[in-house]
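Notes to accompany the following structure.
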Amino acid sequence: MGRTAATIPPQESAVNVRSPYAKHEYFPNTSPPAGTLLSKEDWPQNSNAPLLFQPITVGKTAKMEFKNRIFVAPMCEYSAEPGTGLPGTWHLVHLGAMAVRGAALVMTEAAGVLPNGRISPEDLGIWSDKHTEAFKPIVQFIQSQGAKAGIQLAHAGRKASTLAPWLDASTMSKNVSTAIAAEGEGNGWSDVWAPSAIPFKEEKYPDPIAMTEKDIEDLKAAWKRAVERADEAGFDVVELHFAHGYLAHEFLSPLSNKRTDKYGGSLENRMRLALEIAEIARATLPAHKPLFVRISATDWHAAGEKDATSGEYISWGVEQSKVFLQELIARGIDLMDVSSGGNDVEQKIAVGPGYQVPFAEQLRASLKPESRIPISSVGLITNGTQAEEILQKGQADVITVAREFLRNADLVFDWAVELNAVVNVPVQYQRAWTRMMRK
C-alpha cells in the first residue's frame with residue numbers, strides 16, 4: 001500500500017518552517033540568513049574566510065552585529081508620489097531585492113526631515129506620522145530576510161527643489177536648461193534654505209534663503225522628530241547625511257558658509273550645527289541602535305583646503321574632516337561612512353577605481369585604537385577582490401556599495417564565489433547557486 005500524508009512517521013516528516021524573522025507574514029526559513037558565511041566544518045573552503053564575509057559588531061553600547069561587511073548605500077530613486085515624500089511599492093521592491101540577496105544593511109535613500117529638505121519633489125521624507133506608517137512594511141520585509149534596515153535622514157539645503165536627474169542630465173533625451181523644480185505643476189518650492197544666500201550654481205539651481213536662528217531651531221526640532229519617527233518605524237540604524245553638498249555639508253564648508261554668527265567663520269562654528277544635530281540624534285535614538293554619519297571628506301576644490309599664503313581654510317577637506325570625526329565620536333556616533341564632493345560646482349574629482357578609499361584610510365588612521373569606530377568606504381568598488389583588499393589593508397572596516405548593486409543585484413553572492421567563500425542563499429534561490437554551494 002502506498003504512503004499518504006497521514007502515514008508518514010513523525011521522525012521522517014519535514015516541515016517548511018516559518019522564518020523567525022518573518023513576524024508579519026510567512027516566509028520559509030533560511031538559516032542562517034542569506035549572505036551569512038556557512039560553517040567551515042561543513043564547508044572547508046570557509047576555513048580561511050574573507051574579511052568581507054566575517055561579521056562585524058558596530059557600537060560600543062549598541063553592539064549590533066552585521067552578518068557581513070557589505071552595506072547598501074542610500075540611492076535616490078525619485079519615485080515617491082510627487083509632493084508627499086511617502087515610500088511606496090517601488091521602494092519596497094528596490095530595497096527588498098537587496099535584502100533578499102544577502103546585504104548586511106539596507107539603507108533607504110535620503111529622507112527629508114522637512115518638506116523643504118527633499119532633493120526633489122519625488123524624494124522620500126519623514127516629517128509626519130504618515131511616513132512612519134508607510135515605512136513600516138518596508139522595514140519589516142528587510143528584517144524578515146535577516147538584514148538590518150537603515151534610514152538616512154537629510155536636509156538638502158540649497159540643492160533642494162531640483163529635478164530628477166533624467167530630466168536634468170539624461171543620457172537618453174535632450175536635457176532641460178535648469179535643474180530647478182518649478183512651483184505648481186512641477187511640485188517645487190521656494191523656501192530653499194542655506195547657511196548663506198549663495199546658490200550652488202547661478203541660474204541652474206535655486207536662489208536659497210540664508211537661514212535665520214529661528215529656522216535653525218526649527219530644523220533641529222525636525223531632526224529630533226525624524227529620529228523618533230525612524231525608531232517608531234522600526235529601523236535598526238539611523239544615518240545622518242552630512243555629505244554631498246546638502247545642508248549640513250554647506251554649513252561645514254567655507255565655500256558655502258559665509259555667516260558671521262556662531263554658525264559661521266571658524267571651524268568650531270562651522271561644525272556647530274552638524275554637531276548639535278548629532279547630539280540630538282544620539283540622545284533621541286535608543287542606545288541599542290547605532291548612529292551613523294556620512295560625510296564628504298573633501299570638496300575637491302581646485303585651490304585646495306587652505307589658502308597657500310594665509311593658511312586659512314578656504315574649502316572643506318581631510319584635515320578638517322579628521323577634527324570633525326573626533327568631535328562626532330565624542331558625541332556618540334558609531335560609524336562614519338566616508339564619501340566626497342558635491343558642494344563645489346567646479347570640483348575636479350580624480351575618478352577611478354576606489355577613488356574615495358584614501359579618504360577613508362586617512363580618517364581611520366587618524367584615530368587612536370581606544371577611540372576607533374568602524375569606517376566605511378564607498379565609490380567605484382566593483383568587485384570582491386578589490387573590496388577584500390581594502391579591508392585586509394586596514395583602509396576601511398566596511399564596504400558600502402551603491403551603483404554596483406543596481407548593475408548586479410546578486411553582488412553579495414557573486415563576490416562570495418569570486419573569493420571562494422560559501423554564504424547562504426535564500427532557500428527559494430539555492431537551486432540557482434550550485435556553483436557556489438558545492439563541496
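To be explicit about the labels: the chains of the C-alpha cells are called A, B, and onward in the order shown, and within each one the residues are counted from 1, while ligands get numbers from 1 in the order they are shown.
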
Counting only C-alpha atoms, give me one row per residue of stretch 22-129 of chain A with an atom at most 8 Å from an atom of stretch 328-346 of chain A, showing the shortest contact pair and its distance in Å to one decimal, sorted by chain then residue number, as a Markdown table.
| residue | atom | partner | partner_atom | distance |
| --- | --- | --- | --- | --- |
| A:Val58 | CA | A:Asp334 | CA | 6.4 |
| A:Gly59 | CA | A:Asp334 | CA | 4.9 |
| A:Lys60 | CA | A:Asp334 | CA | 7.4 |

Restrict the selected residues to N, CA, C and O atoms and save them as an mmCIF file, in the first residue's frame.
data_model
loop_
_atom_site.group_PDB
_atom_site.id
_atom_site.type_symbol
_atom_site.label_atom_id
_atom_site.label_comp_id
_atom_site.auth_asym_id
_atom_site.auth_seq_id
_atom_site.Cartn_x
_atom_site.Cartn_y
_atom_site.Cartn_z
ATOM 1 N N VAL A 58 29.002 46.708 15.563
ATOM 2 C CA VAL A 58 29.089 48.171 15.499
ATOM 3 C C VAL A 58 28.423 48.772 16.730
ATOM 4 O O VAL A 58 27.289 48.421 17.069
ATOM 5 N N GLY A 59 29.153 49.680 17.378
ATOM 6 C CA GLY A 59 28.606 50.412 18.516
ATOM 7 C C GLY A 59 29.131 49.891 19.839
ATOM 8 O O GLY A 59 28.909 48.727 20.177
ATOM 9 N N LYS A 60 29.815 50.751 20.590
ATOM 10 C CA LYS A 60 30.328 50.335 21.900
ATOM 11 C C LYS A 60 29.199 50.046 22.867
ATOM 12 O O LYS A 60 29.322 49.207 23.753
#

message = Which residues are close to stretch 302-305 of chain A, i.e. within 7 Å by only C-alpha atoms, leaving aside same-chain residues fewer than 3 positions away? Reply as a VMD selection string.
response = chain A and resid 313 to 317 347 to 348

inquiry  = Taking 3 positions as the minimum chain separation for residues in the same chain, which residues sit within 12 Å of A:Asn408 when counting only C-alpha atoms? Answer as a list in words.
reply    = Ala97, Met98, Arg101, Thr382, Asn383, Val401, Ala402, Arg403, Glu404, Phe405, Leu411, Val412, Phe413, Asp414 and Trp415 of chain A

query = Could you pull the residues within 12 Å of A:Gly96, counting only C-alpha atoms, minus those fewer than 2 positions along the same chain, as JSON, numbers by chain?
reply = {"A": [72, 88, 89, 90, 91, 92, 93, 94, 98, 99, 100, 101, 102, 103, 105, 106, 107, 108, 137, 138, 139, 140, 141, 142, 143, 144, 145, 146, 147, 148, 149, 409]}

request  = State, in Å with one decimal place, the distance from atom CA of A:Met271 to atom CA of A:Ile216.
outcome  =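 So the two atoms, atom CA of A:Met271 and atom CA of A:Ile216, lie 13.6 Å apart.
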
task = Point out the residue among A:Ser161, A:Leu52, A:Pro290, A:Ser47 with the least atom-to-atom distance to A:Gly394, counting only C-alpha atoms.
result =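 Answer, going by the shortest atom-to-atom distance: A:Leu52.
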
Would you mind listing what lies within 7 Å of stretch 352-369 of chain A as a PDB file with N, CA, C and O atoms, in the first residue's frame, with only C-alpha atoms counted and same-chain residues fewer than 5 positions away left out?
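File part-v4.pdb, as written:
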ATOM      1  N   ALA A 297      34.578  63.926   2.621  1.00  0.00           N
ATOM      2  CA  ALA A 297      35.869  64.222   3.243  1.00  0.00           C
ATOM      3  C   ALA A 297      36.569  65.411   2.603  1.00  0.00           C
ATOM      4  O   ALA A 297      37.486  65.991   3.199  1.00  0.00           O
ATOM      5  N   LYS A 322      39.090  65.188   9.859  1.00  0.00           N
ATOM      6  CA  LYS A 322      39.670  64.449  10.989  1.00  0.00           C
ATOM      7  C   LYS A 322      39.213  65.052  12.316  1.00  0.00           C
ATOM      8  O   LYS A 322      38.864  64.320  13.261  1.00  0.00           O
ATOM      9  N   VAL A 338      32.506  57.368   4.609  1.00  0.00           N
ATOM     10  CA  VAL A 338      33.325  58.434   4.028  1.00  0.00           C
ATOM     11  C   VAL A 338      33.138  58.506   2.520  1.00  0.00           C
ATOM     12  O   VAL A 338      33.559  57.620   1.771  1.00  0.00           O
ATOM     13  N   SER A 339      32.514  59.578   2.080  1.00  0.00           N
ATOM     14  CA  SER A 339      32.345  59.875   0.667  1.00  0.00           C
ATOM     15  C   SER A 339      33.094  61.175   0.376  1.00  0.00           C
ATOM     16  O   SER A 339      33.984  61.564   1.137  1.00  0.00           O
ATOM     17  N   SER A 340      32.729  61.859  -0.713  1.00  0.00           N
ATOM     18  CA  SER A 340      33.414  63.121  -1.018  1.00  0.00           C
ATOM     19  C   SER A 340      32.604  63.934  -2.017  1.00  0.00           C
ATOM     20  O   SER A 340      31.722  63.418  -2.708  1.00  0.00           O
ATOM     21  N   ILE A 375      34.972  52.466  10.051  1.00  0.00           N
ATOM     22  CA  ILE A 375      34.937  53.426   8.943  1.00  0.00           C
ATOM     23  C   ILE A 375      34.522  52.671   7.687  1.00  0.00           C
ATOM     24  O   ILE A 375      35.060  51.605   7.382  1.00  0.00           O
ATOM     25  N   SER A 376      33.568  53.250   6.975  1.00  0.00           N
ATOM     26  CA  SER A 376      33.096  52.641   5.738  1.00  0.00           C
ATOM     27  C   SER A 376      33.632  53.410   4.540  1.00  0.00           C
ATOM     28  O   SER A 376      33.741  54.638   4.578  1.00  0.00           O
ATOM     29  N   SER A 377      33.931  52.674   3.477  1.00  0.00           N
ATOM     30  CA  SER A 377      34.387  53.306   2.240  1.00  0.00           C
ATOM     31  C   SER A 377      33.409  52.984   1.120  1.00  0.00           C
ATOM     32  O   SER A 377      32.765  51.934   1.106  1.00  0.00           O
ATOM     33  N   VAL A 378      33.327  53.914   0.158  1.00  0.00           N
ATOM     34  CA  VAL A 378      32.369  53.808  -0.931  1.00  0.00           C
ATOM     35  C   VAL A 378      32.963  54.466  -2.170  1.00  0.00           C
ATOM     36  O   VAL A 378      33.842  55.320  -2.065  1.00  0.00           O
ATOM     37  N   GLY A 379      32.501  54.063  -3.350  1.00  0.00           N
ATOM     38  CA  GLY A 379      32.918  54.748  -4.575  1.00  0.00           C
ATOM     39  C   GLY A 379      33.748  53.900  -5.513  1.00  0.00           C
ATOM     40  O   GLY A 379      34.926  53.676  -5.274  1.00  0.00           O
ATOM     41  N   LEU A 380      33.119  53.397  -6.568  1.00  0.00           N
ATOM     42  CA  LEU A 380      33.765  52.573  -7.584  1.00  0.00           C
ATOM     43  C   LEU A 380      34.525  51.386  -6.990  1.00  0.00           C
ATOM     44  O   LEU A 380      35.642  51.076  -7.371  1.00  0.00           O
ATOM     45  N   ILE A 381      33.884  50.748  -6.034  1.00  0.00           N
ATOM     46  CA  ILE A 381      34.345  49.450  -5.526  1.00  0.00           C
ATOM     47  C   ILE A 381      33.459  48.427  -6.211  1.00  0.00           C
ATOM     48  O   ILE A 381      32.276  48.293  -5.902  1.00  0.00           O
ATOM     49  N   GLN A 395      42.266  49.802   5.275  1.00  0.00           N
ATOM     50  CA  GLN A 395      41.841  51.104   4.750  1.00  0.00           C
ATOM     51  C   GLN A 395      40.417  51.440   5.162  1.00  0.00           C
ATOM     52  O   GLN A 395      40.043  52.618   5.203  1.00  0.00           O
ATOM     53  N   ALA A 396      39.621  50.429   5.458  1.00  0.00           N
ATOM     54  CA  ALA A 396      38.246  50.598   5.906  1.00  0.00           C
ATOM     55  C   ALA A 396      37.827  49.318   6.622  1.00  0.00           C
ATOM     56  O   ALA A 396      38.508  48.297   6.554  1.00  0.00           O
TER      57      ALA A 396
END

I want to know what sits within 10 Å of A:Gly186, based on only C-alpha atoms, with residues of the same chain fewer than 6 positions away left out; could you give that as a JSON list (two decimals) with C-alpha atoms, in the first residue's frame?
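As written to disk, around37.json reads:
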[["chain", "number", "residue", "atom", "x", "y", "z"],
["A", 82, "PRO", "CA", 5.15, 63.93, -6.01],
["A", 83, "GLY", "CA", 4.95, 66.25, -3.03],
["A", 120, "SER", "CA", 13.39, 66.59, -5.49],
["A", 121, "PRO", "CA", 9.59, 66.60, -5.25],
["A", 161, "SER", "CA", 13.62, 71.61, -5.09],
["A", 162, "THR", "CA", 15.57, 70.20, -8.02],
["A", 163, "LEU", "CA", 14.67, 67.83, -10.82],
["A", 180, "ILE", "CA", 15.10, 73.68, -10.64]]

Tell me which protein, DNA and RNA residues are within 8 Å of A:Phe27, counting only C-alpha atoms, leaving out same-chain ones fewer than 3 positions away, and put them as a compact mmCIF listing (two decimals) with C-alpha atoms, in the first residue's frame.
# COMPACT_ATOMS: atom_id res chain seq x y z
CA ARG A 18 8.48 29.85 9.06
CA SER A 19 11.46 32.22 9.27
CA ALA A 22 9.10 36.88 9.46
CA SER A 144 12.31 39.38 7.60

query = Hey, which of A:Val237, A:Ala421, A:Gly265, A:Phe292 ends up closest to A:Met437? Count only C-alpha atoms.
reply = A:Ala421

task = Can you list, as a ChimeraX atom specification, all residues belonging to stretch 31-147 of chain A that DSSP tags as helix (DSSP H, G or I)?
result = /A:44-46,51-53,89-100,115-117,129-144

ask   = Closest to A:Ala134 among A:Thr309, A:Asn424, A:Thr400, A:Thr84, using only C-alpha atoms?
value =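 The shortest atom-to-atom distance to A:Ala134 comes from A:Thr84.
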
ask   = From the list A:Ala233, A:Leu114, A:Ala221, A:Leu37, which residue is nearest A:Val192 when using only C-alpha atoms?
value =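 Among A:Ala233, A:Leu114, A:Ala221, A:Leu37, it is A:Leu114 that comes nearest to A:Val192.
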
One-decimal distance in Å that lies between atom CA of A:Leu255 and atom CA of A:Ile198 =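 Interatomic distance, atom CA of A:Ile198 to atom CA of A:Leu255: 9.2 Å.
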
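Running DSSP on the backbone and keeping only strand (DSSP E or B), the residues of stretch 292-407 of chain A that qualify are Phe292, Val293, Arg294, Ile295, Ser296, Lys306, Tyr313, Leu335, Met336, Asp337, Val338, Ser339, Ile375, Ser376, Ser377, Val398, Ile399, Thr400 and Val401 of chain A.
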
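Atom pair atom CA of A:Met436 / atom CA of A:Asp410 has a distance of 12.5 Å (rounded to one decimal).
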
query = Which residue, A:Ala222, A:Leu285, A:Ala194, A:Leu325, has the smallest gap to A:Ala248 when you use only C-alpha atoms?
reply =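 Smallest separation from A:Ala248 among the options: A:Ala194.
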